[in-house]
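Student: First the structure, which I've put down as structure tokens, then a few questions once you've had a look.
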Number of protein chains: 2
Amino acid sequence: MGLRIGIDLGGTNLRVGLVNEKGQILNEQECPTEPQKGSDCVIQNMIKMIESVKGDKSIIGVGIGSPGPLNPKTGVIIEPPNLTGWSNVPIVELVSKATGLSVTLDNDANAAALAEATIGAGAKHESVFYITVSTGIGGGLVIGKKVFQGAQGYAGEIGNMIVNPNGRNHANLNPGALEAQASGTAISAIGREKLGITGGAAEVFRLAEEGHTEAKKLIDEALQYLAIGIANLAHSINPEVFILGGGVLKSEKQVLEPLREKVKALVYPGLRDSIQILPAGLGTKAGIIGAAFLAG
Amino acid sequence: MGLRIGIDLGGTNLRVGLVNEKGQILNEQECPTEPQKGSDCVIQNMIKMIESVKGDKSIIGVGIGSPGPLNPKTGVIIEPPNLTGWSNVPIVELVSKATGLSVTLDNDANAAALAEATIGAGAKHESVFYITVSTGIGGGLVIGKKVFQGAQGYAGEIGNMIVNPNGRNHANLNPGALEAQASGTAISAIGREKLGITGGAAEVFRLAEEGHTEAKKLIDEALQYLAIGIANLAHSINPEVFILGGGVLKSEKQVLEPLREKVKALVYPGLRDSIQILPAGLGTKAGIIGAAFLAG
């Protein structure tokens, strides 16, 4: 019946699910990842959870969605900022040897993109660009229901797209990278530095909604950079649909509506009426479901 | 033997060639386009040239590469700045009715991209992003030897990619669009405005080569914007290879070498050694050859 196991390896939680070909999760386990305990320990947990959700079922394969950077071709997790202390972990080889199952690795945004493009908001579309805006900004391009990884696996890594060459510095990204200008972390930092708001991005959004002029301006600027990123993708890839997920994009009225207007103002007239920007449809389950779809 | 007719419909010259499946041009005609005489007149010429290069050969189809904007799906040339006075010309229908041949339309950059990806500098690569820098800046994405047009035909339209939101205004493009910052027209205009150089982009390049400090700085800034555009594509599509064509990019030493260094400084460490930026291999013949490869 086409059963797969999907693994959402997050910096905070590790989720393992048994998923059928329709993308329904039949059985699921979740525990704190605790990456600081080391990759060996986390992978031991992961293997136990795989065996537990699998039971005596026959499985096509296991897919793992993980924070990057990672190499989907070699199956190695390189050195993700969100998995503290991990370095060059050959997770595909380790999990495959221990379970005897075929294992596939890709980054978490690509996994979520695949889920949304297959059974989520993009199910009816041939080409889908998924964007997640939360702590960071990630993305995934799906063409014909397959993740387009790019030659070295960097397709969709739009957090590092330059949207303002004179912009903010953030972590190891380019100055003025999209993630430095419009992520939850960026909104939180700008709010603290410029407005003395200490409650993070959520507080900035709350104040803006209550009419706080400076907070509104801050959100407006972040959305403008996000719109530049989307317009740039429209003029290079022109996917049928953009799907937006992640914590920062929850509000249709406060985020998606103004964002659509901003994008329209930045694209060629011939694209204005056809460009589609939709909210993600699967919520946090996209990670497990997409990881499963990556498998075998 | 797989013969096709490729048509390079330029603002200046109209070229029609009989092309075999290896991309060799067996027979070719060229005349001034004179678009101001009207689309009917130009298309009449085109039809005569098709019949002349075709002779009594059996033909798979006709491909036309034209300046955009155009709609490859409906076969209509919309309103190209480089074909003065043309408006919504149903060229595919007109040429197809007159010749009885199957006719395909795409923009000139996509045609050149297809030629380079098939028998030019990208022949060995699965995914190719072609960039042409001349009067304007255009691009084309080829995946698996097929042009990726995008949902509405706007894939590759990187002239309108924003590389500096506080940048220059140019024609109907976004402020700070790549074409406004780094095209031949932009280099020419900045040279005139800032340095009083009246000989166009070629003169700016010549002065820079002779050591003119301000001209060198101008070229350096234009190449920096081009590098931002390429890095942005690397972090969204990550094609195997970038191929650069067009008059502005002729000099390996003055343009391609510094451009490569700039791009390396803007991409993730994992891409620095693998990113490939190559000069186009087919010269002006890419237009006819690629147009032929578009055909049926």
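Convention: chains lettered A, B, ... in structure tokens order; per-chain residue numbering from 1; ligands numbered from 1 as shown.
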Which residues of range 171-288 of chain B come within 9 Å of range 157-170 of chain A, and for each one, what is the closest pair of atoms and their distance in Å to one decimal, counting only C-alpha atoms, sorted by chain and residue number, as a Markdown table?
Tutor:
```
| residue | atom | partner | partner_atom | distance |
| --- | --- | --- | --- | --- |
| B:Tyr225 | CA | A:Pro165 | CA | 8.9 |
| B:Ile228 | CA | A:Ile162 | CA | 6.8 |
| B:Gly229 | CA | A:Ile162 | CA | 8.4 |
| B:Ala231 | CA | A:Met161 | CA | 7.3 |
| B:Asn232 | CA | A:Met161 | CA | 4.9 |
| B:Leu233 | CA | A:Met161 | CA | 8.1 |
| B:Ala234 | CA | A:Glu157 | CA | 8.5 |
| B:His235 | CA | A:Glu157 | CA | 4.9 |
| B:Ser236 | CA | A:Ile158 | CA | 5.6 |
| B:Ile237 | CA | A:Glu157 | CA | 8.4 |
| B:Asn238 | CA | A:Glu157 | CA | 8.9 |
| B:Leu266 | CA | A:Asn160 | CA | 8.8 |
| B:Val267 | CA | A:Asn160 | CA | 8.0 |
| B:Tyr268 | CA | A:Asn160 | CA | 8.2 |
```
Student: Would you give me, as number ranges by chain, the residues in range 101-136 of chain B that DSSP reads as strand (DSSP E)?
Tutor: B: 103-107, 127-133
Student: Export, as a tab-separated table (two decimals), in the first residue's frame, the selected residues with all heavy atoms.
Tutor:
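result39.tsv, freshly written:
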```tsv
chain	number	residue	atom	x	y	z
B	103	VAL	N	4.95	25.91	-36.17
B	103	VAL	CA	5.78	27.04	-35.77
B	103	VAL	C	5.77	27.20	-34.24
B	103	VAL	O	4.72	27.07	-33.61
B	103	VAL	CB	5.29	28.35	-36.42
B	103	VAL	CG1	6.15	29.54	-36.00
B	103	VAL	CG2	5.27	28.22	-37.94
B	104	THR	N	6.95	27.45	-33.66
B	104	THR	CA	7.11	27.64	-32.21
B	104	THR	C	7.76	28.99	-31.96
B	104	THR	O	8.65	29.39	-32.70
B	104	THR	CB	8.02	26.53	-31.64
B	104	THR	OG1	7.53	25.27	-32.06
B	104	THR	CG2	8.06	26.58	-30.13
B	105	LEU	N	7.31	29.68	-30.91
B	105	LEU	CA	7.86	30.99	-30.57
B	105	LEU	C	8.41	30.98	-29.15
B	105	LEU	O	7.81	30.40	-28.25
B	105	LEU	CB	6.74	32.04	-30.66
B	105	LEU	CG	7.07	33.46	-30.19
B	105	LEU	CD1	8.00	34.15	-31.19
B	105	LEU	CD2	5.79	34.28	-30.01
B	106	ASP	N	9.57	31.59	-28.97
B	106	ASP	CA	10.07	31.84	-27.62
B	106	ASP	C	10.95	33.08	-27.67
B	106	ASP	O	11.25	33.57	-28.75
B	106	ASP	CB	10.83	30.63	-27.07
B	106	ASP	CG	10.76	30.56	-25.54
B	106	ASP	OD1	10.60	31.61	-24.89
B	106	ASP	OD2	10.86	29.44	-25.00
B	107	ASN	N	11.34	33.58	-26.50
B	107	ASN	CA	12.15	34.81	-26.56
B	107	ASN	C	13.59	34.50	-26.94
B	107	ASN	O	14.07	33.37	-26.83
B	107	ASN	CB	11.99	35.65	-25.29
B	107	ASN	CG	12.78	35.14	-24.13
B	107	ASN	OD1	14.00	35.02	-24.20
B	107	ASN	ND2	12.09	34.80	-23.06
B	127	SER	N	21.72	21.20	-16.08
B	127	SER	CA	20.98	22.45	-15.86
B	127	SER	C	21.90	23.62	-16.16
B	127	SER	O	23.04	23.67	-15.70
B	127	SER	CB	20.45	22.53	-14.43
B	127	SER	OG	21.49	22.38	-13.49
B	128	VAL	N	21.40	24.54	-16.97
B	128	VAL	CA	22.20	25.65	-17.48
B	128	VAL	C	21.42	26.95	-17.30
B	128	VAL	O	20.24	27.03	-17.66
B	128	VAL	CB	22.48	25.44	-18.98
B	128	VAL	CG1	23.09	26.70	-19.61
B	128	VAL	CG2	23.40	24.24	-19.21
B	129	PHE	N	22.06	27.96	-16.73
B	129	PHE	CA	21.46	29.29	-16.75
B	129	PHE	C	22.31	30.17	-17.65
B	129	PHE	O	23.48	30.39	-17.39
B	129	PHE	CB	21.36	29.90	-15.35
B	129	PHE	CG	20.26	30.92	-15.27
B	129	PHE	CD1	19.05	30.61	-14.68
B	129	PHE	CD2	20.40	32.18	-15.85
B	129	PHE	CE1	18.01	31.53	-14.65
B	129	PHE	CE2	19.38	33.10	-15.84
B	129	PHE	CZ	18.17	32.78	-15.22
B	130	TYR	N	21.70	30.63	-18.75
B	130	TYR	CA	22.37	31.47	-19.72
B	130	TYR	C	22.03	32.92	-19.43
B	130	TYR	O	20.87	33.26	-19.17
B	130	TYR	CB	21.91	31.08	-21.13
B	130	TYR	CG	22.36	32.02	-22.22
B	130	TYR	CD1	23.64	31.93	-22.75
B	130	TYR	CD2	21.50	32.97	-22.75
B	130	TYR	CE1	24.06	32.78	-23.77
B	130	TYR	CE2	21.91	33.82	-23.76
B	130	TYR	CZ	23.19	33.72	-24.27
B	130	TYR	OH	23.59	34.56	-25.26
B	131	ILE	N	23.03	33.78	-19.43
B	131	ILE	CA	22.83	35.21	-19.19
B	131	ILE	C	23.45	35.99	-20.34
B	131	ILE	O	24.61	35.74	-20.70
B	131	ILE	CB	23.50	35.64	-17.87
B	131	ILE	CG1	22.86	34.89	-16.69
B	131	ILE	CG2	23.38	37.16	-17.66
B	131	ILE	CD1	23.56	35.12	-15.37
B	132	THR	N	22.67	36.89	-20.92
B	132	THR	CA	23.24	37.73	-21.97
B	132	THR	C	23.24	39.18	-21.50
B	132	THR	O	22.24	39.69	-21.01
B	132	THR	CB	22.48	37.57	-23.31
B	132	THR	OG1	22.94	38.57	-24.23
B	132	THR	CG2	20.99	37.74	-23.13
B	133	VAL	N	24.41	39.81	-21.59
B	133	VAL	CA	24.55	41.21	-21.20
B	133	VAL	C	24.96	41.99	-22.43
B	133	VAL	O	26.09	41.87	-22.91
B	133	VAL	CB	25.61	41.38	-20.08
B	133	VAL	CG1	25.66	42.85	-19.65
B	133	VAL	CG2	25.31	40.49	-18.89
```
Student: Excluding range 49-56 of chain A and its own-chain neighbours fewer than 2 positions away, which residues fall within 7 Å of it when counting only C-alpha atoms? Please give them as a CSV table (one decimal) with N, CA and C atoms, in the first residue's frame.
Tutor:
```csv
chain,number,residue,atom,x,y,z
A,16,VAL,N,8.7,11.4,14.1
A,16,VAL,CA,8.8,10.2,13.1
A,16,VAL,C,7.4,9.7,12.9
A,17,GLY,N,7.1,9.6,11.6
A,17,GLY,CA,5.7,9.1,11.3
A,17,GLY,C,5.7,8.1,10.2
A,18,LEU,N,4.7,7.2,10.3
A,18,LEU,CA,4.4,6.2,9.2
A,18,LEU,C,3.3,6.9,8.3
A,27,ASN,N,0.7,6.7,12.0
A,27,ASN,CA,1.3,6.4,13.3
A,27,ASN,C,2.4,7.4,13.5
A,28,GLU,N,2.6,8.0,14.7
A,28,GLU,CA,3.5,9.1,14.9
A,28,GLU,C,4.1,9.1,16.2
A,29,GLN,N,5.4,9.4,16.3
A,29,GLN,CA,6.1,9.6,17.6
A,29,GLN,C,6.8,10.9,17.6
A,45,ASN,N,18.0,7.2,19.2
A,45,ASN,CA,16.6,7.5,19.4
A,45,ASN,C,15.8,7.4,18.1
A,46,MET,N,16.3,8.0,17.1
A,46,MET,CA,15.6,8.0,15.8
A,46,MET,C,15.4,6.6,15.3
A,47,ILE,N,16.4,5.7,15.5
A,47,ILE,CA,16.3,4.3,15.0
A,47,ILE,C,15.2,3.6,15.8
A,58,SER,N,5.5,-3.4,6.0
A,58,SER,CA,6.5,-3.4,4.9
A,58,SER,C,6.6,-1.9,4.4
```
Student: Can you tell me how far CA of Pro279 in chain A sits from CA of Pro32 in chain A, in Å to one decimal?
Tutor: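 Computing it gives 27.4 Å between the two atoms.
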Student: Determine, counting only C-alpha atoms, which protein, DNA and RNA residues have an atom within 12 Å of an atom of Val142 in chain A; residues of the same chain fewer than 5 positions away are not included. Present the result as a PyMOL selection string.
Tutor: (chain A and resi 109-118+122-123+125-131+147-150+155-156+237+239-243+290+294) or (chain B and resi 236-237)
Student: May I ask which of the residues B:Thr84, B:Gln276, B:Asp108, B:Leu101 is the closest one to Ile288 in chain B, counting only C-alpha atoms?
Tutor: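 Nearest to Ile288 in chain B: B:Asp108.
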Student: So, with only C-alpha atoms as the atoms that count, which of A:Glu203, A:Glu257, A:Glu79, A:Glu209 lies closest to chain B?
Tutor: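 Closest residue, counting only C-alpha atoms: A:Glu79.
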Student: I want to know what sits within 8 Å of Leu226 in chain B, based on only C-alpha atoms, with residues of the same chain fewer than 3 positions away left out; could you give that as a ChimeraX atom specification?
Tutor: /B:178,182,222-223,229-230,259
Student: Please save N, CA, C and O atoms of the selected residues as a PDB file, in the first residue's frame.
Tutor:
```pdb
ATOM      1  N   LEU B 178      18.600  44.609 -12.262  1.00  0.00           N
ATOM      2  CA  LEU B 178      19.910  44.222 -12.784  1.00  0.00           C
ATOM      3  C   LEU B 178      20.237  44.954 -14.080  1.00  0.00           C
ATOM      4  O   LEU B 178      21.358  45.455 -14.266  1.00  0.00           O
ATOM      5  N   ALA B 182      23.645  47.114 -14.625  1.00  0.00           N
ATOM      6  CA  ALA B 182      24.809  46.408 -15.170  1.00  0.00           C
ATOM      7  C   ALA B 182      24.759  46.157 -16.674  1.00  0.00           C
ATOM      8  O   ALA B 182      25.688  45.562 -17.221  1.00  0.00           O
ATOM      9  N   ALA B 222      29.432  47.701 -11.778  1.00  0.00           N
ATOM     10  CA  ALA B 222      28.492  46.969 -12.641  1.00  0.00           C
ATOM     11  C   ALA B 222      28.689  45.457 -12.484  1.00  0.00           C
ATOM     12  O   ALA B 222      27.725  44.697 -12.378  1.00  0.00           O
ATOM     13  N   LEU B 223      29.966  45.036 -12.438  1.00  0.00           N
ATOM     14  CA  LEU B 223      30.237  43.600 -12.282  1.00  0.00           C
ATOM     15  C   LEU B 223      29.788  43.108 -10.904  1.00  0.00           C
ATOM     16  O   LEU B 223      29.364  41.963 -10.751  1.00  0.00           O
ATOM     17  N   GLY B 229      23.417  39.253  -8.918  1.00  0.00           N
ATOM     18  CA  GLY B 229      22.394  38.533  -9.679  1.00  0.00           C
ATOM     19  C   GLY B 229      22.721  37.056  -9.806  1.00  0.00           C
ATOM     20  O   GLY B 229      21.857  36.184  -9.606  1.00  0.00           O
ATOM     21  N   ILE B 230      23.969  36.746 -10.115  1.00  0.00           N
ATOM     22  CA  ILE B 230      24.370  35.343 -10.284  1.00  0.00           C
ATOM     23  C   ILE B 230      24.312  34.598  -8.950  1.00  0.00           C
ATOM     24  O   ILE B 230      23.819  33.467  -8.874  1.00  0.00           O
ATOM     25  N   LEU B 259      34.564  38.792 -12.342  1.00  0.00           N
ATOM     26  CA  LEU B 259      33.195  38.391 -12.008  1.00  0.00           C
ATOM     27  C   LEU B 259      33.185  37.091 -11.205  1.00  0.00           C
ATOM     28  O   LEU B 259      32.472  36.960 -10.208  1.00  0.00           O
TER      29      LEU B 259
END
```
Student: Running DSSP on the backbone, which parts of range 129-288 of chain A land in helix (DSSP H, G or I), as JSON, numbers by chain?
Tutor: {"A": [158, 159, 160, 178, 179, 180, 181, 182, 184, 185, 186, 187, 188, 189, 190, 191, 192, 193, 194, 195, 200, 201, 202, 203, 204, 205, 206, 207, 208, 209, 213, 214, 215, 216, 217, 218, 219, 220, 221, 222, 223, 224, 225, 226, 227, 228, 229, 230, 231, 232, 233, 234, 247, 248, 249, 252, 253, 254, 255, 256, 257, 258, 259, 260, 261, 262, 263, 264, 265, 266, 269, 270, 271, 272, 283, 284, 285, 286, 287, 288]}
Student: CA of Pro269 in chain B and CA of Ala171 in chain A, how far apart in Å?
Tutor: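 We find that CA of Ala171 in chain A and CA of Pro269 in chain B lie 13.6 Å from each other.
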Student: To one decimal in Å, tell me the separation between CA of Gly283 in chain B and CA of Arg260 in chain B.
Tutor: 20.6 Å
Student: For chain A, which residue out of B:Gly75, B:Pro90, B:Gly270, B:Pro80 is the nearest one, using only C-alpha atoms?
Tutor: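 Ranked by minimum distance to chain A, first place goes to B:Gly270.
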Student: Out of B:Val76, B:Ile219, B:Leu3, B:Leu173, which residue has the shortest atom-to-atom distance to chain A when counting only C-alpha atoms?
Tutor: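 Smallest distance to chain A is found for B:Leu173.
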Student: For Glu34 in chain A, list every protein, DNA or RNA residue within 10 Å, evaluated using only C-alpha atoms, and leave out those in the same chain fewer than 4 positions away; present the list as a list in words.
Tutor: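 So, after excluding close chain neighbours, the residues are Gly10, Gly11, Thr12, Asn13, Leu14, Gly38, Ser39, Cys41, Val42, Leu83 and Thr84 of chain A.
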Student: Write the residues of the preceding selection, restricted to C-alpha atoms, as a PDB file, in the first residue's frame.
Tutor:
```
ATOM      1  CA  GLY A  10      14.225  19.713  13.977  1.00  0.00           C
ATOM      2  CA  GLY A  11      16.522  21.650  16.274  1.00  0.00           C
ATOM      3  CA  THR A  12      13.856  21.345  18.986  1.00  0.00           C
ATOM      4  CA  ASN A  13      11.738  18.274  18.226  1.00  0.00           C
ATOM      5  CA  LEU A  14      12.286  14.957  16.497  1.00  0.00           C
ATOM      6  CA  GLY A  38      25.469  14.436  20.114  1.00  0.00           C
ATOM      7  CA  SER A  39      24.462  12.917  16.821  1.00  0.00           C
ATOM      8  CA  CYS A  41      22.554   9.646  20.760  1.00  0.00           C
ATOM      9  CA  VAL A  42      19.927  11.370  18.582  1.00  0.00           C
ATOM     10  CA  LEU A  83      21.956  21.104  15.397  1.00  0.00           C
ATOM     11  CA  THR A  84      24.634  22.361  17.747  1.00  0.00           C
TER      12      THR A  84
END
```
Student: Which residue, A:Leu256, A:Leu207, A:Leu282, A:Leu70, has the smallest gap to chain B when you use only C-alpha atoms?
Tutor: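 Smallest separation from chain B among the options: A:Leu70.
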Student: Using only C-alpha atoms, which of B:Ser66, B:Gln224, B:Thr74, B:Thr284 sits nearest Pro258 in chain B?
Tutor: B:Gln224
